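Printed here is entry-v9.cif (mmCIF, C-alpha atoms):
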data_work
#
loop_
_atom_site.group_PDB
_atom_site.id
_atom_site.type_symbol
_atom_site.label_atom_id
_atom_site.label_comp_id
_atom_site.auth_asym_id
_atom_site.auth_seq_id
_atom_site.Cartn_x
_atom_site.Cartn_y
_atom_site.Cartn_z
ATOM 1 C CA MET U 1 -19.266 -59.176 66.864
ATOM 2 C CA HIS U 2 -16.483 -59.708 64.325
ATOM 3 C CA SER U 3 -14.020 -56.871 63.709
ATOM 4 C CA THR U 4 -15.135 -56.305 60.103
ATOM 5 C CA SER U 5 -18.746 -55.822 61.192
ATOM 6 C CA ILE U 6 -17.706 -53.458 64.012
ATOM 7 C CA SER U 7 -15.699 -51.310 61.602
ATOM 8 C CA ALA U 8 -18.620 -51.100 59.240
ATOM 9 C CA MET U 9 -20.899 -50.112 62.113
ATOM 10 C CA LYS U 10 -18.505 -47.366 63.236
ATOM 11 C CA ILE U 11 -18.713 -45.844 59.755
ATOM 12 C CA THR U 12 -22.482 -46.217 59.803
ATOM 13 C CA CYS U 13 -22.780 -44.620 63.216
ATOM 14 C CA VAL U 14 -20.758 -41.583 62.129
ATOM 15 C CA THR U 15 -23.048 -41.207 59.123
ATOM 16 C CA ILE U 16 -26.136 -41.611 61.307
ATOM 17 C CA GLY U 17 -24.777 -39.131 63.845
ATOM 18 C CA VAL U 18 -24.196 -36.490 61.181
ATOM 19 C CA LEU U 19 -27.678 -37.097 59.785
ATOM 20 C CA CYS U 20 -29.218 -36.845 63.245
ATOM 21 C CA LEU U 21 -27.471 -33.538 63.949
ATOM 22 C CA THR U 22 -28.447 -32.150 60.560
ATOM 23 C CA LEU U 23 -32.123 -33.007 60.883
ATOM 24 C CA ALA U 24 -32.162 -31.976 64.512
ATOM 25 C CA ALA U 25 -30.837 -28.592 63.437
ATOM 26 C CA ILE U 26 -33.592 -28.293 60.825
ATOM 27 C CA SER U 27 -36.204 -29.399 63.338
ATOM 28 C CA CYS U 28 -35.063 -27.327 66.317
ATOM 29 C CA GLY U 29 -33.329 -24.444 64.568
ATOM 30 C CA ASP U 30 -29.716 -23.740 65.668
ATOM 31 C CA ASN U 31 -29.561 -20.302 64.045
ATOM 32 C CA THR U 32 -31.801 -17.677 62.566
ATOM 33 C CA GLU U 33 -31.476 -18.936 58.971
ATOM 34 C CA GLU U 34 -32.273 -22.520 59.923
ATOM 35 C CA GLN U 35 -35.166 -21.398 62.102
ATOM 36 C CA ALA U 36 -36.584 -19.452 59.205
ATOM 37 C CA GLY U 37 -36.285 -22.529 56.971
ATOM 38 C CA ALA U 38 -37.938 -24.723 59.591
ATOM 39 C CA GLN U 39 -40.884 -22.336 59.836
ATOM 40 C CA ARG U 40 -41.285 -22.116 56.063
ATOM 41 C CA VAL U 41 -44.851 -22.950 55.103
ATOM 42 C CA LEU U 42 -44.979 -25.910 52.740
ATOM 43 C CA SER U 43 -48.747 -26.097 52.418
ATOM 44 C CA THR U 44 -51.976 -24.661 53.760
ATOM 45 C CA VAL U 45 -55.258 -26.450 54.352
ATOM 46 C CA ASN U 46 -58.235 -24.147 54.828
ATOM 47 C CA ASP U 47 -55.770 -21.392 55.786
ATOM 48 C CA THR U 48 -54.064 -23.648 58.355
ATOM 49 C CA PRO U 49 -50.305 -23.850 57.585
ATOM 50 C CA ILE U 50 -48.108 -26.947 57.488
ATOM 51 C CA THR U 51 -44.472 -25.992 58.094
ATOM 52 C CA GLN U 52 -41.236 -27.635 57.097
ATOM 53 C CA ARG U 53 -40.522 -28.335 60.750
ATOM 54 C CA GLN U 54 -43.848 -30.142 61.204
ATOM 55 C CA LEU U 55 -43.198 -32.303 58.154
ATOM 56 C CA VAL U 56 -39.631 -33.129 59.223
ATOM 57 C CA GLU U 57 -40.748 -34.103 62.730
ATOM 58 C CA ARG U 58 -43.553 -36.270 61.359
ATOM 59 C CA LEU U 59 -41.126 -38.089 59.054
ATOM 60 C CA TRP U 60 -38.326 -38.165 61.607
ATOM 61 C CA TYR U 61 -40.341 -39.830 64.370
ATOM 62 C CA GLY U 62 -42.835 -41.639 62.105
ATOM 63 C CA PRO U 63 -41.150 -43.869 59.512
ATOM 64 C CA GLY U 64 -37.705 -42.522 60.471
ATOM 65 C CA PRO U 65 -36.789 -45.143 63.109
ATOM 66 C CA ARG U 66 -37.755 -48.036 60.835
ATOM 67 C CA VAL U 67 -35.864 -46.553 57.876
ATOM 68 C CA LEU U 68 -32.804 -45.935 60.057
ATOM 69 C CA LEU U 69 -32.917 -49.495 61.416
ATOM 70 C CA ARG U 70 -33.130 -50.791 57.870
ATOM 71 C CA MET U 71 -29.971 -48.849 56.981
ATOM 72 C CA ILE U 72 -28.242 -50.318 60.042
ATOM 73 C CA ASP U 73 -29.341 -53.846 59.083
ATOM 74 C CA GLU U 74 -28.063 -53.383 55.548
ATOM 75 C CA ARG U 75 -24.610 -52.382 56.848
ATOM 76 C CA LEU U 76 -24.535 -55.374 59.178
ATOM 77 C CA ILE U 77 -25.455 -57.790 56.381
ATOM 78 C CA ILE U 78 -22.939 -56.333 53.913
ATOM 79 C CA ALA U 79 -20.114 -56.444 56.463
ATOM 80 C CA GLU U 80 -20.808 -60.059 57.458
ATOM 81 C CA ALA U 81 -21.185 -61.166 53.841
ATOM 82 C CA ALA U 82 -17.808 -59.590 53.053
ATOM 83 C CA ARG U 83 -16.225 -61.367 56.031
ATOM 84 C CA ARG U 84 -17.618 -64.713 54.876
ATOM 85 C CA GLY U 85 -16.825 -64.125 51.203
ATOM 86 C CA ILE U 86 -20.505 -64.321 50.220
ATOM 87 C CA ARG U 87 -21.176 -62.918 46.745
ATOM 88 C CA PRO U 88 -24.611 -63.795 45.337
ATOM 89 C CA SER U 89 -24.399 -64.800 41.669
ATOM 90 C CA ARG U 90 -26.309 -63.126 38.876
ATOM 91 C CA GLN U 91 -28.341 -66.327 38.515
ATOM 92 C CA GLN U 92 -29.394 -66.161 42.188
ATOM 93 C CA ILE U 93 -30.552 -62.561 41.810
ATOM 94 C CA GLU U 94 -32.416 -63.348 38.589
ATOM 95 C CA LEU U 95 -34.139 -66.281 40.311
ATOM 96 C CA LYS U 96 -35.285 -64.026 43.150
ATOM 97 C CA LEU U 97 -36.410 -61.455 40.574
ATOM 98 C CA SER U 98 -38.393 -64.128 38.732
ATOM 99 C CA GLN U 99 -40.039 -65.191 42.003
ATOM 100 C CA ALA U 100 -40.876 -61.554 42.697
ATOM 101 C CA ALA U 101 -42.457 -61.164 39.257
ATOM 102 C CA SER U 102 -44.608 -64.250 39.919
ATOM 103 C CA ARG U 103 -45.646 -62.796 43.256
ATOM 104 C CA PHE U 104 -46.945 -59.632 41.581
ATOM 105 C CA GLY U 105 -48.410 -61.433 38.563
ATOM 106 C CA SER U 106 -45.819 -60.758 35.869
ATOM 107 C CA GLU U 107 -42.594 -58.841 35.236
ATOM 108 C CA LYS U 108 -44.657 -56.010 33.781
ATOM 109 C CA ASP U 109 -46.803 -55.842 36.930
ATOM 110 C CA LEU U 110 -43.642 -55.759 39.044
ATOM 111 C CA LYS U 111 -42.156 -52.905 37.017
ATOM 112 C CA ASP U 112 -45.458 -51.004 37.201
ATOM 113 C CA MET U 113 -45.476 -51.359 40.986
ATOM 114 C CA LEU U 114 -41.905 -50.069 41.204
ATOM 115 C CA ARG U 115 -42.651 -47.146 38.912
ATOM 116 C CA GLN U 116 -45.731 -46.186 40.942
ATOM 117 C CA ARG U 117 -43.599 -46.115 44.092
ATOM 118 C CA GLY U 118 -40.836 -44.130 42.412
ATOM 119 C CA HIS U 119 -38.228 -46.894 42.333
ATOM 120 C CA SER U 120 -36.323 -48.779 39.663
ATOM 121 C CA LEU U 121 -35.630 -52.410 38.869
ATOM 122 C CA ALA U 122 -31.951 -51.774 39.635
ATOM 123 C CA GLU U 123 -32.880 -50.688 43.176
ATOM 124 C CA LEU U 124 -34.931 -53.836 43.671
ATOM 125 C CA LYS U 125 -32.033 -55.985 42.446
ATOM 126 C CA ASP U 126 -29.772 -54.354 45.037
ATOM 127 C CA ARG U 127 -32.297 -55.215 47.729
ATOM 128 C CA LEU U 128 -32.648 -58.779 46.456
ATOM 129 C CA ARG U 129 -28.855 -59.091 46.536
ATOM 130 C CA LEU U 130 -28.897 -58.139 50.232
ATOM 131 C CA ASP U 131 -31.714 -60.628 50.797
ATOM 132 C CA ALA U 132 -29.666 -63.387 49.156
ATOM 133 C CA MET U 133 -26.697 -62.484 51.382
ATOM 134 C CA LEU U 134 -28.854 -62.802 54.501
ATOM 135 C CA ASP U 135 -30.261 -66.120 53.244
ATOM 136 C CA ARG U 136 -26.737 -67.502 52.907
ATOM 137 C CA ILE U 137 -25.597 -66.156 56.285
ATOM 138 C CA ALA U 138 -28.639 -67.695 57.983
ATOM 139 C CA THR U 139 -28.113 -71.019 56.216
ATOM 140 C CA GLU U 140 -24.464 -71.171 57.283
ATOM 141 C CA GLN U 141 -25.467 -70.365 60.862
ATOM 142 C CA THR U 142 -28.017 -73.199 60.953
ATOM 143 C CA THR U 143 -26.917 -76.586 62.271
ATOM 144 C CA VAL U 144 -28.841 -79.814 61.765
ATOM 145 C CA GLU U 145 -28.480 -82.687 64.231
ATOM 146 C CA ASP U 146 -28.425 -86.348 63.206
ATOM 147 C CA SER U 147 -31.548 -86.899 65.301
ATOM 148 C CA GLN U 148 -33.392 -84.258 63.260
ATOM 149 C CA ILE U 149 -32.324 -85.927 60.012
ATOM 150 C CA GLU U 150 -33.475 -89.344 61.222
ATOM 151 C CA GLN U 151 -36.788 -87.927 62.459
ATOM 152 C CA TYR U 152 -37.492 -86.172 59.159
ATOM 153 C CA TYR U 153 -36.623 -89.333 57.231
ATOM 154 C CA GLN U 154 -38.976 -91.489 59.292
ATOM 155 C CA GLU U 155 -41.818 -88.980 59.272
ATOM 156 C CA ASN U 156 -41.571 -88.489 55.497
ATOM 157 C CA ILE U 157 -40.667 -92.022 54.464
ATOM 158 C CA ASP U 158 -43.234 -92.015 51.637
ATOM 159 C CA GLU U 159 -41.368 -89.136 50.045
ATOM 160 C CA PHE U 160 -38.282 -91.345 49.718
ATOM 161 C CA SER U 161 -40.147 -94.420 48.523
ATOM 162 C CA TYR U 162 -40.608 -95.383 44.907
ATOM 163 C CA GLY U 163 -42.735 -97.970 43.171
ATOM 164 C CA GLU U 164 -41.645 -100.605 40.693
ATOM 165 C CA GLN U 165 -39.473 -99.028 38.008
ATOM 166 C CA VAL U 166 -38.130 -99.896 34.594
ATOM 167 C CA ARG U 167 -35.336 -98.330 32.598
ATOM 168 C CA ALA U 168 -36.052 -98.190 28.892
ATOM 169 C CA ARG U 169 -35.086 -96.622 25.588
ATOM 170 C CA MET U 170 -37.547 -95.132 23.124
ATOM 171 C CA ILE U 171 -37.721 -94.542 19.397
ATOM 172 C CA LEU U 172 -40.544 -92.203 18.397
ATOM 173 C CA THR U 173 -41.612 -91.450 14.819
ATOM 174 C CA GLN U 174 -44.524 -89.532 13.319
ATOM 175 C CA VAL U 175 -45.230 -92.133 10.608
ATOM 176 C CA ARG U 176 -45.965 -95.819 11.261
ATOM 177 C CA GLN U 177 -44.123 -96.873 8.109
ATOM 178 C CA ASN U 178 -40.921 -95.300 9.430
ATOM 179 C CA ALA U 179 -41.324 -97.049 12.763
ATOM 180 C CA GLU U 180 -41.885 -100.411 11.040
ATOM 181 C CA ALA U 181 -38.706 -99.933 8.995
ATOM 182 C CA LEU U 182 -36.720 -99.169 12.156
ATOM 183 C CA LYS U 183 -38.172 -102.232 13.891
ATOM 184 C CA GLU U 184 -36.987 -104.394 10.999
ATOM 185 C CA ALA U 185 -33.515 -102.879 11.365
ATOM 186 C CA LEU U 186 -33.539 -103.688 15.075
ATOM 187 C CA ASP U 187 -34.636 -107.262 14.400
ATOM 188 C CA ARG U 188 -31.609 -107.625 12.110
ATOM 189 C CA GLY U 189 -29.304 -106.615 14.970
ATOM 190 C CA GLY U 190 -29.363 -102.844 14.633
ATOM 191 C CA ASP U 191 -28.132 -100.742 17.575
ATOM 192 C CA PHE U 192 -31.154 -99.310 19.380
ATOM 193 C CA ALA U 193 -29.315 -96.318 20.862
ATOM 194 C CA GLY U 194 -27.714 -95.409 17.546
ATOM 195 C CA LEU U 195 -30.975 -95.637 15.611
ATOM 196 C CA ALA U 196 -32.795 -93.634 18.294
ATOM 197 C CA GLN U 197 -30.194 -90.899 18.181
ATOM 198 C CA GLN U 198 -30.384 -90.722 14.403
ATOM 199 C CA PHE U 199 -34.109 -91.153 13.725
ATOM 200 C CA SER U 200 -36.201 -90.635 16.883
ATOM 201 C CA THR U 201 -38.288 -87.454 16.943
ATOM 202 C CA ASP U 202 -38.639 -87.361 20.738
ATOM 203 C CA PRO U 203 -36.753 -84.186 21.817
ATOM 204 C CA ALA U 204 -36.358 -85.315 25.430
ATOM 205 C CA THR U 205 -34.528 -88.580 24.731
ATOM 206 C CA SER U 206 -33.168 -88.694 21.180
ATOM 207 C CA ASP U 207 -29.818 -87.047 22.024
ATOM 208 C CA GLN U 208 -29.293 -89.685 24.736
ATOM 209 C CA GLY U 209 -29.926 -92.576 22.373
ATOM 210 C CA GLY U 210 -33.554 -92.797 23.480
ATOM 211 C CA ASP U 211 -32.642 -93.305 27.155
ATOM 212 C CA MET U 212 -35.723 -92.615 29.311
ATOM 213 C CA GLY U 213 -33.976 -93.379 32.604
ATOM 214 C CA TYR U 214 -35.821 -95.182 35.399
ATOM 215 C CA PHE U 215 -39.524 -94.403 35.619
ATOM 216 C CA GLU U 216 -42.675 -95.582 37.341
ATOM 217 C CA ARG U 217 -46.012 -96.455 35.790
ATOM 218 C CA ASP U 218 -47.514 -93.016 36.323
ATOM 219 C CA ASP U 219 -44.563 -91.122 34.866
ATOM 220 C CA TYR U 220 -45.539 -91.649 31.231
ATOM 221 C CA ALA U 221 -48.696 -91.944 29.162
ATOM 222 C CA GLU U 222 -50.658 -95.130 29.814
ATOM 223 C CA GLU U 223 -49.881 -96.500 26.321
ATOM 224 C CA ILE U 224 -46.137 -96.325 27.029
ATOM 225 C CA SER U 225 -46.271 -97.624 30.614
ATOM 226 C CA GLU U 226 -48.406 -100.647 29.713
ATOM 227 C CA VAL U 227 -45.876 -101.790 27.122
ATOM 228 C CA ALA U 228 -42.787 -100.933 29.168
ATOM 229 C CA PHE U 229 -43.928 -102.841 32.253
ATOM 230 C CA SER U 230 -44.914 -105.870 30.173
ATOM 231 C CA LEU U 231 -41.340 -106.389 28.901
ATOM 232 C CA GLU U 232 -38.380 -108.046 30.560
ATOM 233 C CA PRO U 233 -34.847 -106.604 30.444
ATOM 234 C CA GLY U 234 -33.381 -107.034 26.953
ATOM 235 C CA GLN U 235 -36.773 -107.293 25.228
ATOM 236 C CA THR U 236 -37.898 -104.896 22.476
ATOM 237 C CA SER U 237 -41.536 -104.072 21.817
ATOM 238 C CA GLU U 238 -43.434 -104.094 18.570
ATOM 239 C CA VAL U 239 -44.453 -100.799 17.019
ATOM 240 C CA PHE U 240 -47.403 -99.281 18.891
ATOM 241 C CA ALA U 241 -49.356 -96.037 18.714
ATOM 242 C CA VAL U 242 -48.892 -93.276 21.294
ATOM 243 C CA PRO U 243 -50.391 -89.765 21.513
ATOM 244 C CA ASP U 244 -47.360 -88.245 19.731
ATOM 245 C CA GLY U 245 -46.938 -90.834 16.977
ATOM 246 C CA PHE U 246 -45.569 -94.391 16.850
ATOM 247 C CA CYS U 247 -43.174 -95.876 19.323
ATOM 248 C CA ILE U 248 -40.724 -98.727 19.909
ATOM 249 C CA LEU U 249 -39.411 -99.484 23.392
ATOM 250 C CA LYS U 250 -36.496 -101.532 24.663
ATOM 251 C CA VAL U 251 -36.364 -102.329 28.388
ATOM 252 C CA GLU U 252 -32.866 -102.443 29.846
ATOM 253 C CA ASP U 253 -33.516 -102.965 33.547
ATOM 254 C CA ARG U 254 -36.247 -103.414 36.152
ATOM 255 C CA ARG U 255 -36.168 -102.834 39.872
ATOM 256 C CA PRO U 256 -38.793 -103.526 42.545
ATOM 257 C CA ALA U 257 -40.465 -100.957 44.767
ATOM 258 C CA ALA U 258 -38.157 -99.826 47.564
ATOM 259 C CA VAL U 259 -37.177 -97.004 49.907
ATOM 260 C CA LYS U 260 -34.074 -94.929 49.267
ATOM 261 C CA PRO U 261 -31.488 -95.469 52.046
ATOM 262 C CA LEU U 262 -31.074 -92.580 54.485
ATOM 263 C CA GLU U 263 -27.478 -92.006 53.401
ATOM 264 C CA ASP U 264 -28.605 -91.485 49.802
ATOM 265 C CA VAL U 265 -30.961 -88.668 50.810
ATOM 266 C CA ARG U 266 -29.088 -87.208 53.804
ATOM 267 C CA ASP U 267 -27.852 -84.101 51.957
ATOM 268 C CA GLN U 268 -31.320 -83.532 50.533
ATOM 269 C CA ILE U 269 -32.857 -83.687 54.010
ATOM 270 C CA ILE U 270 -30.227 -81.354 55.485
ATOM 271 C CA ALA U 271 -30.936 -78.796 52.762
ATOM 272 C CA ARG U 272 -34.668 -78.983 53.437
ATOM 273 C CA LEU U 273 -34.286 -78.657 57.198
ATOM 274 C CA LYS U 274 -31.966 -75.683 56.820
ATOM 275 C CA HIS U 275 -34.378 -74.040 54.427
ATOM 276 C CA LYS U 276 -37.225 -74.664 56.882
ATOM 277 C CA GLN U 277 -35.288 -72.985 59.706
ATOM 278 C CA ARG U 278 -33.860 -70.177 57.572
ATOM 279 C CA ASP U 279 -36.487 -67.502 58.244
ATOM 280 C CA LYS U 280 -36.199 -68.008 62.000
ATOM 281 C CA MET U 281 -32.400 -67.889 61.832
ATOM 282 C CA ARG U 282 -32.436 -64.739 59.649
ATOM 283 C CA ARG U 283 -34.308 -62.909 62.398
ATOM 284 C CA GLN U 284 -32.295 -64.370 65.284
ATOM 285 C CA TRP U 285 -28.959 -63.575 63.661
ATOM 286 C CA LEU U 286 -29.925 -59.996 62.827
ATOM 287 C CA ILE U 287 -31.299 -59.240 66.318
ATOM 288 C CA GLU U 288 -28.066 -60.583 67.844
ATOM 289 C CA GLN U 289 -25.927 -58.453 65.509
ATOM 290 C CA ARG U 290 -27.945 -55.357 66.412
ATOM 291 C CA LYS U 291 -27.233 -56.028 70.093
ATOM 292 C CA GLN U 292 -23.504 -56.428 69.488
ATOM 293 C CA ALA U 293 -23.104 -53.416 67.211
ATOM 294 C CA ARG U 294 -21.929 -50.119 68.741
ATOM 295 C CA MET U 295 -24.532 -47.649 67.535
ATOM 296 C CA VAL U 296 -24.488 -43.954 68.396
ATOM 297 C CA ILE U 297 -27.720 -42.085 67.655
ATOM 298 C CA ALA U 298 -27.621 -38.442 68.758
ATOM 299 C CA ASP U 299 -31.353 -37.788 68.981
ATOM 300 C CA PRO U 300 -32.591 -39.292 72.309
ATOM 301 C CA ARG U 301 -36.145 -39.921 71.151
ATOM 302 C CA LEU U 302 -35.020 -41.455 67.871
ATOM 303 C CA ARG U 303 -32.468 -43.587 69.756
ATOM 304 C CA GLU U 304 -35.197 -44.929 72.029
ATOM 305 C CA LEU U 305 -37.508 -45.726 69.105
ATOM 306 C CA VAL U 306 -34.752 -47.527 67.158
ATOM 307 C CA ALA U 307 -33.689 -49.492 70.245
ATOM 308 C CA GLY U 308 -37.240 -50.729 70.728
ATOM 309 C CA LEU U 309 -37.530 -51.823 67.102
ATOM 310 C CA ALA U 310 -34.111 -53.514 67.136
ATOM 311 C CA GLU U 311 -35.327 -56.065 69.682
ATOM 312 C CA VAL U 312 -38.312 -57.259 67.661
ATOM 313 C CA ALA U 313 -38.225 -56.020 64.051
ATOM 314 C CA THR U 314 -38.005 -58.612 61.295
ATOM 315 C CA PRO U 315 -35.247 -58.485 58.638
ATOM 316 C CA PRO U 316 -35.594 -55.927 55.820
ATOM 317 C CA ASN U 317 -38.281 -56.755 53.265
ATOM 318 C CA PRO U 318 -37.039 -56.079 49.712
ATOM 319 C CA PHE U 319 -40.510 -54.891 48.733
ATOM 320 C CA GLU U 320 -41.002 -52.343 51.500
ATOM 321 C CA PHE U 321 -40.004 -48.993 50.037
#

Can you dump the structure from the file as structure tokens?
Amino acid sequence: MHSTSISAMKITCVTIGVLCLTLAAISCGDNTEEQAGAQRVLSTVNDTPITQRQLVERLWYGPGPRVLLRMIDERLIIAEAARRGIRPSRQQIELKLSQAASRFGSEKDLKDMLRQRGHSLAELKDRLRLDAMLDRIATEQTTVEDSQIEQYYQENIDEFSYGEQVRARMILTQVRQNAEALKEALDRGGDFAGLAQQFSTDPATSDQGGDMGYFERDDYAEEISEVAFSLEPGQTSEVFAVPDGFCILKVEDRRPAAVKPLEDVRDQIIARLKHKQRDKMRRQWLIEQRKQARMVIADPRLRELVAGLAEVATPPNPFEF
């Protein structure tokens, strides 16, 4: 394990050791005062008492090992992220928060869930930040072979194929009379891009001089595609009706159906393969770091329970409180 991670674990182990000794003292009773506190009755059920010691032992050996392992994992992730210079951006955290809100239905539903469990949105953001750190660590640890890239490309060739495409510019108006006037201006040599930028009401293309980019037949409404694919490069259409008003198109280029070359999509494939392997690598990396870390847990039973979990437990779930 890297020196930074070891140092962080030493600090963690001291903290864990102190906590173990403290709770062991409460549970076992090192002196008269502590024994009295341990035997304090917290509740009775039909005259049967539940003592502080019973509650502490139930928590200590029940959820305790999993909570302790989570704390260990968090220290390991933070130390490694610091070593690698990984600092999740605010945008990354907000994206994860948005995904979480969708998972629970809405942001309000997410906040309600947190409130019911006695936690805040700030706490969740801290957990999502750790999750983003582990994502990045796992991604950097993942390697993708050329053979894997080639195999993915061949098995998903349809994904990288495209049909016949045209590149066109559009002028859209709400009134036919306005479109007819613009068509007359174009016929007299007017600049299509300039007129589109000045008069088109299409919010998606007007700022780009009406540029629609390359598109296939199914990318636009049938009325637009039929006209666009009937024109040759350099030709301008007549005014025609579309669902949003009245339109004029100018086709600038056409290209036949084809498959994108592997080199053009290599980075895209690598990103997808790494993402696909990320969950597996998150778990593998964390289990390996647990093995390499020097952990000292004073309580023998707790140590045994944590050791067993460390070999199989999945990475911390931000939503497990």

Write out as CSV a residue-level contact list of segment 193-281 of chain U versus segment 291-314 of chain U with cut-off 12 Å: for each qualifying residue the closest pair of atoms and the distance in Å to one decimal, counting only C-alpha atoms, rows sorted by chain and residue number upward.
residue,atom,partner,partner_atom,distance
U:Asp279,CA,U:Thr314,CA,9.5
U:Lys280,CA,U:Thr314,CA,9.6
U:Met281,CA,U:Thr314,CA,10.9

* To do: Return as a PyMOL selection string the set of residues that the PyMOL selection byres ((chain U and resi 266) around 12) yields on the displayed structure.
  => chain U and resi 144-153+160+260-265+267-273

Take the selection from the previous step and output its residues with C-alpha atoms, as a PDB file, in the frame of the given file.
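Output file part_38.pdb follows:
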ATOM      1  CA  VAL U 144     -28.841 -79.814  61.765  1.00  0.00           C
ATOM      2  CA  GLU U 145     -28.480 -82.687  64.231  1.00  0.00           C
ATOM      3  CA  ASP U 146     -28.425 -86.348  63.206  1.00  0.00           C
ATOM      4  CA  SER U 147     -31.548 -86.899  65.301  1.00  0.00           C
ATOM      5  CA  GLN U 148     -33.392 -84.258  63.260  1.00  0.00           C
ATOM      6  CA  ILE U 149     -32.324 -85.927  60.012  1.00  0.00           C
ATOM      7  CA  GLU U 150     -33.475 -89.344  61.222  1.00  0.00           C
ATOM      8  CA  GLN U 151     -36.788 -87.927  62.459  1.00  0.00           C
ATOM      9  CA  TYR U 152     -37.492 -86.172  59.159  1.00  0.00           C
ATOM     10  CA  TYR U 153     -36.623 -89.333  57.231  1.00  0.00           C
ATOM     11  CA  PHE U 160     -38.282 -91.345  49.718  1.00  0.00           C
ATOM     12  CA  LYS U 260     -34.074 -94.929  49.267  1.00  0.00           C
ATOM     13  CA  PRO U 261     -31.488 -95.469  52.046  1.00  0.00           C
ATOM     14  CA  LEU U 262     -31.074 -92.580  54.485  1.00  0.00           C
ATOM     15  CA  GLU U 263     -27.478 -92.006  53.401  1.00  0.00           C
ATOM     16  CA  ASP U 264     -28.605 -91.485  49.802  1.00  0.00           C
ATOM     17  CA  VAL U 265     -30.961 -88.668  50.810  1.00  0.00           C
ATOM     18  CA  ASP U 267     -27.852 -84.101  51.957  1.00  0.00           C
ATOM     19  CA  GLN U 268     -31.320 -83.532  50.533  1.00  0.00           C
ATOM     20  CA  ILE U 269     -32.857 -83.687  54.010  1.00  0.00           C
ATOM     21  CA  ILE U 270     -30.227 -81.354  55.485  1.00  0.00           C
ATOM     22  CA  ALA U 271     -30.936 -78.796  52.762  1.00  0.00           C
ATOM     23  CA  ARG U 272     -34.668 -78.983  53.437  1.00  0.00           C
ATOM     24  CA  LEU U 273     -34.286 -78.657  57.198  1.00  0.00           C
TER      25      LEU U 273
END

* Expand the PyMOL selection byres ((chain U and resi 233) around 8) into the individual residues it matches in the shown file, reporting them as an NGL selection string. => :U and (231-232 or 234-235 or 250-254)

Name the residues captured by the PyMOL selection byres ((chain U and resi 129) around 12) when it is applied to the shown file; answer as a PDB file with C-alpha atoms, in the coordinates of the input.
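That gives us result_35.pdb:
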ATOM      1  CA  GLU U  74     -28.063 -53.383  55.548  1.00  0.00           C
ATOM      2  CA  ILE U  77     -25.455 -57.790  56.381  1.00  0.00           C
ATOM      3  CA  ILE U  78     -22.939 -56.333  53.913  1.00  0.00           C
ATOM      4  CA  ALA U  81     -21.185 -61.166  53.841  1.00  0.00           C
ATOM      5  CA  ILE U  86     -20.505 -64.321  50.220  1.00  0.00           C
ATOM      6  CA  ARG U  87     -21.176 -62.918  46.745  1.00  0.00           C
ATOM      7  CA  PRO U  88     -24.611 -63.795  45.337  1.00  0.00           C
ATOM      8  CA  SER U  89     -24.399 -64.800  41.669  1.00  0.00           C
ATOM      9  CA  ARG U  90     -26.309 -63.126  38.876  1.00  0.00           C
ATOM     10  CA  GLN U  91     -28.341 -66.327  38.515  1.00  0.00           C
ATOM     11  CA  GLN U  92     -29.394 -66.161  42.188  1.00  0.00           C
ATOM     12  CA  ILE U  93     -30.552 -62.561  41.810  1.00  0.00           C
ATOM     13  CA  GLU U  94     -32.416 -63.348  38.589  1.00  0.00           C
ATOM     14  CA  LEU U  95     -34.139 -66.281  40.311  1.00  0.00           C
ATOM     15  CA  LYS U  96     -35.285 -64.026  43.150  1.00  0.00           C
ATOM     16  CA  LEU U  97     -36.410 -61.455  40.574  1.00  0.00           C
ATOM     17  CA  ALA U 122     -31.951 -51.774  39.635  1.00  0.00           C
ATOM     18  CA  GLU U 123     -32.880 -50.688  43.176  1.00  0.00           C
ATOM     19  CA  LEU U 124     -34.931 -53.836  43.671  1.00  0.00           C
ATOM     20  CA  LYS U 125     -32.033 -55.985  42.446  1.00  0.00           C
ATOM     21  CA  ASP U 126     -29.772 -54.354  45.037  1.00  0.00           C
ATOM     22  CA  ARG U 127     -32.297 -55.215  47.729  1.00  0.00           C
ATOM     23  CA  LEU U 128     -32.648 -58.779  46.456  1.00  0.00           C
ATOM     24  CA  LEU U 130     -28.897 -58.139  50.232  1.00  0.00           C
ATOM     25  CA  ASP U 131     -31.714 -60.628  50.797  1.00  0.00           C
ATOM     26  CA  ALA U 132     -29.666 -63.387  49.156  1.00  0.00           C
ATOM     27  CA  MET U 133     -26.697 -62.484  51.382  1.00  0.00           C
ATOM     28  CA  LEU U 134     -28.854 -62.802  54.501  1.00  0.00           C
ATOM     29  CA  ASP U 135     -30.261 -66.120  53.244  1.00  0.00           C
ATOM     30  CA  ARG U 136     -26.737 -67.502  52.907  1.00  0.00           C
ATOM     31  CA  PRO U 316     -35.594 -55.927  55.820  1.00  0.00           C
ATOM     32  CA  ASN U 317     -38.281 -56.755  53.265  1.00  0.00           C
ATOM     33  CA  PRO U 318     -37.039 -56.079  49.712  1.00  0.00           C
TER      34      PRO U 318
END

* Find the spatial neighbours of segment 201-216 of chain U, counting all atoms listed in the file, within a cut-off of 9 Å - ignore same-chain residues fewer than 4 positions away - and output them as a list in words. =>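 Residues near the query, excluding close chain neighbours: Tyr162, Gly163, Glu164, Gln165, Val166, Arg167, Ala168, Arg169, Met170, Ile171, Leu172, Thr173, Gln174, Phe192, Ala193, Gly194, Leu195, Ala196, Gln197, Tyr220, Ser225, Phe229, Asp244, Leu249, Asp253, Arg254 and Arg255 of chain U.
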
* Structure fact -> Nearest to Leu76 of chain U, restricted to all atoms listed in the file and choosing among U:Val175, U:Leu114, U:Ile137, U:Leu59, comes out as U:Ile137

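What separates atom CA of Ile248 of chain U from atom CA of Leu186 of chain U is a distance of 10.0 Å.
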
Hey, can I get the axis-aligned box for segment 125-141 of chain U? All listed atoms, 6 Å padding on each side, centre and edge lengths in Å to one decimal, as AutoDock Vina command-line options.
--center_x -28.6 --center_y -62.8 --center_z 51.7 --size_x 20.2 --size_y 28.8 --size_z 30.4
